[in-house]
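Novice: I am sharing query_25.txt, which consists of compact mmCIF, C-alpha atoms:
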# COMPACT_ATOMS: atom_id res chain seq x y z
CA MET A 577 0.00 0.00 0.00
CA ILE A 578 2.78 2.46 0.86
CA TRP A 579 4.63 1.66 -2.37
CA LEU A 580 1.45 2.08 -4.42
CA ALA A 581 0.65 5.40 -2.71
CA TRP A 582 4.20 6.59 -3.39
CA ARG A 583 3.97 5.66 -7.07
CA GLN A 584 0.70 7.53 -7.43
CA GLN A 585 1.86 10.65 -5.59
CA ARG A 586 5.60 10.76 -6.29
CA LEU A 587 5.45 13.57 -8.86
CA ALA A 588 3.40 15.82 -6.57
CA ALA A 589 5.60 14.90 -3.61
CA LEU A 590 8.83 15.68 -5.44
CA CYS A 591 7.46 18.98 -6.77
CA ALA A 592 6.27 19.94 -3.28
CA ALA A 593 9.62 19.05 -1.72
CA GLY A 594 11.46 21.04 -4.38
CA GLY A 595 9.19 24.04 -3.89
CA VAL A 596 9.65 23.98 -0.11
CA LEU A 597 13.41 23.77 -0.55
CA VAL A 598 13.45 26.73 -2.94
CA VAL A 599 11.29 28.85 -0.62
CA MET A 600 13.33 27.93 2.45
CA THR A 601 16.63 28.69 0.74
CA SER A 602 15.39 31.97 -0.77
CA VAL A 603 14.03 33.28 2.55
CA ALA A 604 17.22 32.22 4.36
CA VAL A 605 19.39 34.09 1.84
CA LEU A 606 17.09 37.10 2.12
CA GLY A 607 17.50 37.03 5.89
CA VAL A 608 21.28 36.98 5.56
CA GLU A 609 21.17 39.94 3.18
CA THR A 610 18.83 41.85 5.51
CA ALA A 611 21.11 41.26 8.51
CA ALA A 612 24.07 42.40 6.40
CA PHE A 613 22.15 45.53 5.44
CA HIS A 614 21.51 46.41 9.09
CA SER A 615 25.18 45.85 9.93
CA ALA A 616 26.35 47.99 7.01
CA VAL A 617 24.13 51.00 7.80
CA GLY A 618 26.47 53.76 8.87
CA HIS A 619 29.54 51.61 8.24
CA GLY A 620 29.61 51.24 4.47
CA SER A 621 27.48 50.45 1.45
CA PRO A 622 25.21 47.38 1.76
CA ALA A 623 25.04 44.94 -1.13
CA LEU A 624 21.29 45.54 -1.59
CA SER A 625 19.37 48.75 -1.01
CA GLN A 626 16.47 48.93 1.41
CA GLU A 627 14.07 49.32 -1.52
CA SER A 628 15.36 46.13 -3.13
CA LEU A 629 15.15 44.18 0.11
CA GLN A 630 11.61 45.38 0.71
CA ALA A 631 10.61 44.28 -2.80
CA PHE A 632 12.04 40.81 -2.18
CA TRP A 633 10.33 40.58 1.21
CA ASN A 634 7.02 41.58 -0.41
CA ALA A 635 7.44 38.71 -2.86
CA ALA A 636 8.24 36.32 0.01
CA TRP A 637 5.16 37.55 1.91
CA ILE A 638 2.87 36.75 -1.02
CA THR A 639 4.53 33.37 -1.67
CA LEU A 640 4.21 32.21 1.94
CA LEU A 641 0.63 33.47 2.12
CA ALA A 642 -0.28 31.38 -0.93
CA LEU A 643 1.68 28.30 0.13
CA PRO A 644 -1.03 26.60 2.26
CA LEU A 645 -3.67 27.19 -0.41
CA LEU A 646 -1.44 25.68 -3.09
CA ALA A 647 -0.84 22.66 -0.86
CA GLY A 648 -4.57 22.18 -0.43
CA LEU A 649 -5.25 22.50 -4.15
CA PHE A 650 -2.46 20.36 -5.55
CA LEU A 651 -1.70 17.92 -2.71
CA GLY A 652 -4.94 17.57 -0.77
CA ALA A 653 -7.72 17.71 -3.36
CA PRO A 654 -6.27 15.06 -5.73
CA LEU A 655 -5.24 12.66 -2.96
CA ILE A 656 -8.50 10.69 -2.94
CA ALA A 657 -10.39 12.36 -5.79
CA GLN A 658 -7.97 11.01 -8.40
CA ASP A 659 -8.63 7.42 -7.32
CA PHE A 660 -12.39 7.94 -7.32
CA GLU A 661 -12.23 9.65 -10.69
CA ALA A 662 -10.11 6.92 -12.29
CA ARG A 663 -11.90 4.17 -10.29
CA THR A 664 -8.57 2.63 -9.29
CA TYR A 665 -9.86 2.20 -5.75
CA ARG A 666 -12.03 -0.71 -6.92
CA LEU A 667 -8.97 -2.88 -7.51
CA ALA A 668 -7.83 -2.49 -3.92
CA TRP A 669 -11.31 -2.96 -2.47
CA THR A 670 -11.86 -6.20 -4.39
CA GLN A 671 -8.58 -7.71 -3.15
CA GLY A 672 -9.54 -7.99 0.50
CA ILE A 673 -8.39 -4.52 1.58
CA THR A 674 -11.04 -2.82 3.69
CA ARG A 675 -12.10 0.74 2.91
CA GLN A 676 -10.82 1.96 6.26
CA ARG A 677 -7.40 0.39 5.80
CA TRP A 678 -7.19 1.74 2.26
CA VAL A 679 -8.01 5.32 3.20
CA ILE A 680 -5.73 5.29 6.27
CA TRP A 681 -2.74 4.08 4.27
CA LYS A 682 -3.69 6.48 1.53
CA LEU A 683 -3.65 9.49 3.86
CA ALA A 684 -1.22 8.71 6.68
CA PRO A 685 2.15 8.82 4.82
CA PRO A 686 1.51 12.07 2.90
CA LEU A 687 -0.05 13.82 5.89
CA VAL A 688 2.87 12.91 8.15
CA ALA A 689 5.34 14.02 5.47
CA ILE A 690 3.49 17.31 4.95
CA ALA A 691 3.34 17.97 8.70
CA LEU A 692 7.08 17.37 9.12
CA GLY A 693 7.98 19.33 6.01
CA THR A 694 5.96 22.41 6.94
CA ALA A 695 7.26 22.29 10.53
CA VAL A 696 10.83 22.29 9.21
CA LEU A 697 10.00 25.11 6.79
CA ALA A 698 8.36 27.28 9.45
CA GLY A 699 11.23 26.74 11.89
CA ALA A 700 13.88 27.40 9.26
CA ILE A 701 12.47 30.66 7.91
CA GLU A 702 11.49 32.22 11.25
CA PRO A 703 15.00 33.56 12.10
CA ALA A 704 15.30 35.02 8.60
CA ILE A 705 11.91 36.75 8.75
CA SER A 706 12.71 38.25 12.17
CA THR A 707 15.78 40.05 10.79
CA GLN A 708 13.38 42.70 9.50
CA TRP A 709 12.63 44.02 12.99
CA THR A 710 15.62 42.84 15.04
CA GLY A 711 18.30 44.77 13.21
CA GLY A 712 17.84 48.18 14.78
CA GLN A 713 15.04 49.46 12.56
CA GLN A 714 11.54 48.34 11.71
CA TRP A 715 10.47 48.64 8.09
CA SER A 716 6.86 49.08 7.03
CA VAL A 717 6.94 45.54 5.62
CA GLY A 718 8.76 44.15 8.62
CA GLU A 719 6.23 44.36 11.42
CA GLN A 720 5.94 41.10 13.30
CA TRP A 721 2.12 40.98 13.26
CA TYR A 722 2.16 41.68 9.52
CA TRP A 723 3.90 38.31 9.11
CA PHE A 724 1.55 36.40 11.42
CA ASP A 725 0.06 34.28 8.63
CA GLN A 726 3.43 33.49 7.07
CA SER A 727 5.42 32.29 10.04
CA GLY A 728 5.59 30.09 13.08
CA PHE A 729 3.09 27.49 14.23
CA ALA A 730 0.26 29.10 12.28
CA LEU A 731 1.90 28.56 8.88
CA ALA A 732 2.30 24.82 9.50
CA ALA A 733 -1.26 24.55 10.81
CA TYR A 734 -2.66 26.35 7.76
CA VAL A 735 -0.96 23.85 5.45
CA LEU A 736 -2.39 20.88 7.35
CA PHE A 737 -5.85 22.45 7.35
CA ALA A 738 -5.75 23.20 3.61
CA VAL A 739 -4.60 19.67 2.74
CA ALA A 740 -7.25 18.10 5.01
CA LEU A 741 -9.89 20.34 3.45
CA GLY A 742 -8.82 19.18 0.00
CA VAL A 743 -8.93 15.54 1.10
CA LEU A 744 -12.52 15.86 2.37
CA ALA A 745 -13.62 17.78 -0.73
CA GLY A 746 -12.12 15.09 -2.93
CA ALA A 747 -13.76 12.30 -0.94
CA LEU A 748 -17.17 13.96 -1.10
CA ILE A 749 -17.09 15.13 -4.72
CA GLY A 750 -14.90 12.53 -6.41
CA ARG A 751 -13.82 14.97 -9.13
CA THR A 752 -10.37 16.53 -8.87
CA LEU A 753 -11.00 19.90 -10.54
CA LEU A 754 -14.28 20.50 -8.76
CA ALA A 755 -12.70 19.46 -5.45
CA MET A 756 -9.92 22.00 -6.06
CA VAL A 757 -12.46 24.77 -6.64
CA VAL A 758 -14.41 23.91 -3.49
CA THR A 759 -11.18 23.65 -1.49
CA GLY A 760 -10.00 27.07 -2.61
CA ILE A 761 -13.29 28.79 -1.79
CA ALA A 762 -13.73 27.08 1.59
CA TYR A 763 -10.12 27.74 2.58
CA VAL A 764 -10.24 31.45 1.78
CA LEU A 765 -13.58 31.95 3.54
CA THR A 766 -12.47 30.08 6.67
CA ARG A 767 -9.17 31.88 6.91
CA ALA A 768 -10.80 35.28 6.38
CA ALA A 769 -13.51 34.63 8.98
CA ILE A 770 -11.08 33.52 11.69
CA ALA A 771 -8.58 36.31 10.98
CA THR A 772 -11.32 38.95 11.02
CA PHE A 773 -13.60 37.86 13.84
CA LEU A 774 -11.67 35.52 16.14
CA ARG A 775 -7.99 36.43 16.06
CA PRO A 776 -8.33 40.02 17.39
CA ASN A 777 -10.17 38.65 20.42
CA TYR A 778 -8.08 35.63 21.45
CA MET A 779 -7.17 37.76 24.45
CA PRO A 780 -8.86 41.00 25.61
CA PRO A 781 -7.23 43.92 23.74
CA ILE A 782 -5.61 46.80 25.58
CA THR A 783 -6.97 50.35 25.38
CA ALA A 784 -4.49 53.16 25.98
CA HIS A 785 -3.43 56.59 24.85
CA PRO A 786 -0.73 57.01 22.17
CA PRO A 787 2.06 56.47 21.40
CA GLU A 788 1.67 52.94 20.09
CA PRO A 789 4.05 50.47 21.81
CA PHE A 790 6.77 49.07 19.57
CA GLY A 791 5.64 45.93 17.74
CA ALA A 792 1.98 46.22 18.79
CA TRP A 793 -0.93 45.23 16.57
CA THR A 794 -3.27 48.23 16.44
CA LEU A 795 -6.89 47.13 16.09
CA THR A 796 -8.60 50.51 16.15
CA MET A 797 -7.69 54.14 16.72
CA GLY A 798 -10.24 56.69 17.91
CA PHE A 799 -11.01 59.44 20.36
CA THR A 800 -12.56 59.55 23.82
CA SER A 801 -15.12 62.22 22.91
CA PRO A 802 -15.22 62.91 19.17
CA GLY A 803 -16.08 66.52 18.41
CA GLN A 804 -15.57 67.69 22.00
CA PRO A 805 -12.80 70.10 23.04
CA ASP A 806 -11.43 67.73 25.70
CA THR A 807 -11.16 64.78 23.33
CA ALA A 808 -8.08 62.52 23.53
CA ALA A 809 -6.76 59.87 21.20
CA LEU A 810 -7.20 56.22 22.14
CA LEU A 811 -5.56 53.07 20.80
CA VAL A 812 -6.97 49.56 21.00
CA TYR A 813 -4.19 47.06 20.40
CA GLN A 814 -2.64 43.67 21.09
CA PRO A 815 0.90 43.97 22.50
CA ALA A 816 3.94 42.37 20.88
CA ASP A 817 4.46 39.89 23.72
CA ARG A 818 1.19 38.13 22.83
CA PHE A 819 2.35 37.22 19.33
CA TRP A 820 3.42 33.65 20.10
CA THR A 821 0.43 33.05 22.35
CA PHE A 822 -1.83 34.01 19.46
CA GLN A 823 0.23 31.77 17.17
CA LEU A 824 -0.37 28.78 19.44
CA ILE A 825 -4.09 29.52 19.76
CA GLU A 826 -4.59 29.85 16.01
CA ALA A 827 -2.46 26.80 15.28
CA ALA A 828 -4.53 24.75 17.74
CA ILE A 829 -7.74 25.88 16.01
CA PHE A 830 -6.57 24.89 12.54
CA VAL A 831 -4.95 21.63 13.62
CA GLY A 832 -8.20 20.72 15.35
CA LEU A 833 -10.13 21.54 12.18
CA ALA A 834 -7.67 19.47 10.12
CA ILE A 835 -8.14 16.44 12.39
CA ALA A 836 -11.92 16.76 12.15
CA LEU A 837 -11.78 17.05 8.35
CA VAL A 838 -9.56 13.99 7.97
CA ALA A 839 -11.84 12.00 10.28
CA ALA A 840 -14.83 13.08 8.20
CA ALA A 841 -13.03 12.00 5.02
CA VAL A 842 -12.39 8.55 6.50
CA VAL A 843 -16.09 8.21 7.35
CA VAL A 844 -17.09 9.29 3.83
CA VAL A 845 -14.80 6.71 2.24
CA ARG A 846 -15.99 3.93 4.57
CA ARG A 847 -19.59 4.61 3.60
CA ARG A 848 -18.92 4.92 -0.12
CA THR A 849 -20.34 2.20 -2.31
CA ALA A 850 -18.01 0.57 -4.80
Output the file's structure in the form of structure tokens.
Specialist:
Amino acid sequence: MIWLAWRQQRLAALCAAGGVLVVMTSVAVLGVETAAFHSAVGHGSPALSQESLQAFWNAAWITLLALPLLAGLFLGAPLIAQDFEARTYRLAWTQGITRQRWVIWKLAPPLVAIALGTAVLAGAIEPAISTQWTGGQQWSVGEQWYWFDQSGFALAAYVLFAVALGVLAGALIGRTLLAMVVTGIAYVLTRAAIATFLRPNYMPPITAHPPEPFGAWTLTMGFTSPGQPDTAALLVYQPADRFWTFQLIEAAIFVGLAIALVAAAVVVVRRRTA
């Protein structure tokens, strides 16, 4: 079963591994160049200008934001849908292999590999990303909260969630392209809803007068008495020291969703008629 699963998924697995390696290497090199830029300020001419570094970091931001979605579309959605579409599952089911055993061996190796790969990626790129705000100056693109979705525990959890979502969509629909469309829509809507409505309230925000603390995530900015002469500015924000707590909370949410989706996919396959 493992050998058969590898033969069916080897092209996607090799492409995914190559993509992760390219992203990891590129971000690491960018981190080295950013650290060198900070060291060279006031002591010489850096190899890359701040404008060039910011452009590269913008590209990295977009790439890492899209990474979980791409994993869900091209790794998760075809994982079961391709077998249902080509009806290759019938051969296994008629040779004494139960549906449950088939789907577990179908999902377990790639999911474990994806979990390990994304954990390595997130851990490897975190020091490079942090060079944007640990080198003595904080660029507009280098705020820690701005990179929340592209770093740490959350990034790995998003990938697992997207792949699990694709797996369930493929199991329910049985058509690869349609499963990819449903996966993309459901992923974007879920991510947007949690980022908009849940994340700002994982812990009660702090209300205070300006200035904004360094590294804080400003939720709203207003005034105590708008239009009145004694009005004063107010900030509602999450402080920088809550960043990793929020990462753990969000990662737990998406890992929990991923587990539920995979369990649902197993149930769907078990109840499917040949």
Novice: By how many Å are atom CA of A:Ile835 and atom CA of A:Thr670 apart?
Specialist: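 Computed distance, atom CA of A:Ile835 to atom CA of A:Thr670, equals 28.4 Å.
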Novice: Could you give me, as JSON lines, a per-residue list for stretch 625-677 of chain A showing, wherever an atom lies at most 12 Å from an atom of stretch 700-704 of chain A, the closest pair of atoms and their distance in Å to one decimal, using all atoms listed in the file and sorting by chain then residue number from low to high?
Specialist:
{"residue": "A:Trp633", "atom": "CA", "partner": "A:Ala704", "partner_atom": "CA", "distance": 10.5}
{"residue": "A:Ala636", "atom": "CA", "partner": "A:Ile701", "partner_atom": "CA", "distance": 10.6}
{"residue": "A:Trp637", "atom": "CA", "partner": "A:Ile701", "partner_atom": "CA", "distance": 11.7}
{"residue": "A:Leu640", "atom": "CA", "partner": "A:Ile701", "partner_atom": "CA", "distance": 10.3}
Novice: If you measure from atom CA of A:Thr783 to atom CA of A:Ala730, what distance in Å do you get, rounded to one decimal?
Specialist: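 These atoms are spaced 26.0 Å apart.
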Novice: List as an NGL selection string: which residues have an atom within 12 Å of (11.7, 35.2, 3.1), counting all atoms listed in the file?
Specialist: :A and (596 or 598-610 or 629-641 or 697-698 or 700-708 or 717-718 or 723 or 726-727)
Novice: Can you measure atom CA of A:Ala662 to atom CA of A:Pro686 for me? One decimal in Å is fine.
Specialist: 19.8 Å
Novice: May I have the residues within 12 Å of A:Ala839 as an MDAnalysis selection string, using all atoms listed in the file and disregarding those fewer than 3 positions away in the same chain?
Specialist: chainID A and resid 676 679:680 683:684 740:741 743:744 747 832:836 842:846
Novice: With all atoms listed in the file as the atoms that count, which of A:Trp709, A:Phe729, A:Phe724, A:Phe819 lies nearest to A:Met779?
Specialist: A:Phe819
